[in-house]
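Step one of this worksheet: look at the structure below.
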Amino acid sequence: MITTLFLLAMMVGASNSQLSATYYAKTCPNVSSIVRSVLQQAEQNDIWIFPKLVRLHFHDCFVHGCDASLLLNGTDSEKTATPNLSTDGYAVIDDIKTALEKACPRVVSCADILALAAQISVSLGGGPTWKVPLGRRDSRTAHREGTGTIPTGHESLANIATLFKSMGLDSSDLVALSGVHTFGRARCAAFMDRLYNFNNVSGKIDPTLNGTYAKTLGQLCPKGGDVTSLIDLDEQTSLTFDNKYFLNLQNRRGLLQTDQELFSTKGAETVAIVNRFASSQSQFFNSFAKAMIKMGNINPLTGTNGEIRLDCRKIN
């Protein structure tokens, strides 16, 4: 898998010089306002839609680049692979596509919709705003075999850092992008091993987990209970994009193992970054915006590569 990742890293940036924040200035000048309008309406029906849509952009970009391959239906689809079974928000992407096809037929790609939806979701959730480089095109194939590159929440910091580095993302990007867990929820299955079976030792609790928090989580996710139950990633402000996530890590109240290890791994360079973001929300916001642009530049299809799908769920 790592070999595949490093080949991908070599492709990162190869085409992204063709992306531009003004790509649709003449062909679909109202693209951002149309996306924003659909998202504001969607939130009325689902208060969790913003973190769901940001997650779709992550899971798309981490498999063969930001090409909307995640959205394709079919027996070999990425969305039915194990790392994506808990993803959601696809219907809202369809709604955005429908609205854009009415305003600007055959112009805006599904890959760009994912990137714009992520940025606007973060902004509407209280987070930073940034100009999204646009001009991606959509893949004609899914890459189910590549979904092993999506972090599960159980990896060690060393493995996560290697994965991000292979994508052209450094330690600052890793910590900033992990901060997306300042809003949204996770299934009990994503962290129950920390409560009952840490490192495959029966009855062992993750020693980096705050004892009081562990008891609270045990009540929410009892042993033998429903592993699909959803728990707030940030117990304080789970619907707001802020820097509370990093304060949680300092207090050993990170929900996922991969989150807590950013702070609890002795000697790791990520510790100082967590402390910096915990003390300065503006530094976190600035770093997050830069990291999202870098992630959005992973191996995009541009020029005559790929296509502009008319329906995000299937090729033309």
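Naming scheme: A, B, ... for chains in displayed order of the structure tokens; residues 1 onward per chain; ligands 1 onward as shown.
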**Contacts of segment 154-162 of chain A at 6 Å (only C-alpha atoms; same-chain gap of 2+ positions) as a count of residues only** = 5
**Asked** Which residues come within 9 Å of segment 127-135 of chain A, counting only C-alpha atoms, excluding same-chain residues fewer than 3 positions away, as a PyMOL selection string?
**Response** chain A and resi 16+18-24+108-109+111-112+115-116+119-124+240-242+282+285-286+288-290+292-293+296-297+300-303
**Message:** Let's see if you can do this: from backbone DSSP, list all helix (DSSP H, G or I) residues in segment 70-230 of chain A, as a PyMOL selection string.
**Reply:** chain A and resi 70-71+82-84+90-103+110-124+144-149+157-166+171-182+188-190+193-196+198-200+211-220
**Message:** Please list as a VMD selection string every residue within 12 Å of Lys52 of chain A, counting only C-alpha atoms and excluding residues in the same chain fewer than 4 positions away.
**Reply:** chain A and resid 39 42 to 43 46 to 48 56 to 59 84 86 to 93 114 117 to 118 121 to 122 125 180 to 181 183 to 186 239
**Item:** Nearest to Lys79 of chain A, chosen from A:Thr182, A:Thr147, A:Thr237, A:Ser139, with only C-alpha atoms counted in the distances
**Value:** A:Thr147
**Item:** Polymer residues at most 9 Å from Gly74 of chain A, only C-alpha atoms, same-chain spacing of 5 or more positions, as a ChimeraX atom specification
**Value:** /A:80,142,313-314
**Asked** segment 38-286 of chain A: which residues are strand (DSSP E) by DSSP, as JSON, numbers by chain?
**Response** {"A": [185, 186, 187, 230, 231, 232]}
**Prompt:** For the atom pair atom CA of Thr265 of chain A and atom CA of Ser287 of chain A, what is the interatomic distance in Å to one decimal place?
**Reply:** 21.3 Å
**Prompt:** Taking into account only C-alpha atoms, which residue in the set A:Pro51, A:Pro105, A:Gly267, A:Gly65 is nearest to Met167 of chain A?
**Reply:** A:Gly65
**Request:** Name the closest residue to Ala25 of chain A among the candidates A:Leu163, A:Leu174, A:Val107, A:Gly254; distances are taken between atoms, counting only C-alpha atoms.
**Result:**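 The answer is A:Val107, which sits nearest to Ala25 of chain A.
From atom CA of Gly168 of chain A back to atom CA of Ala278 of chain A, the distance works out to 24.4 Å.
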**Request:** Kindly indicate which residue among A:Asp232, A:Asp138, A:Asp206, A:Asp67 lies nearest to Asn316 of chain A, using only C-alpha atoms for the distances.
**Result:** A:Asp138
**Request:** Kindly give the distance, in Å, that separates atom CA of Leu177 of chain A and atom CA of Thr82 of chain A, rounded to a single decimal.
**Result:**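 According to the coordinates, atom CA of Leu177 of chain A and atom CA of Thr82 of chain A are separated by 21.6 Å.
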**Prompt:** Residues at most 10 Å from Asn248 of chain A, counting only C-alpha atoms, excluding those fewer than 2 positions away in the same chain, as a PyMOL selection string?
**Reply:** chain A and resi 182+210+233-236+243-246+250-255+259-260+263+278
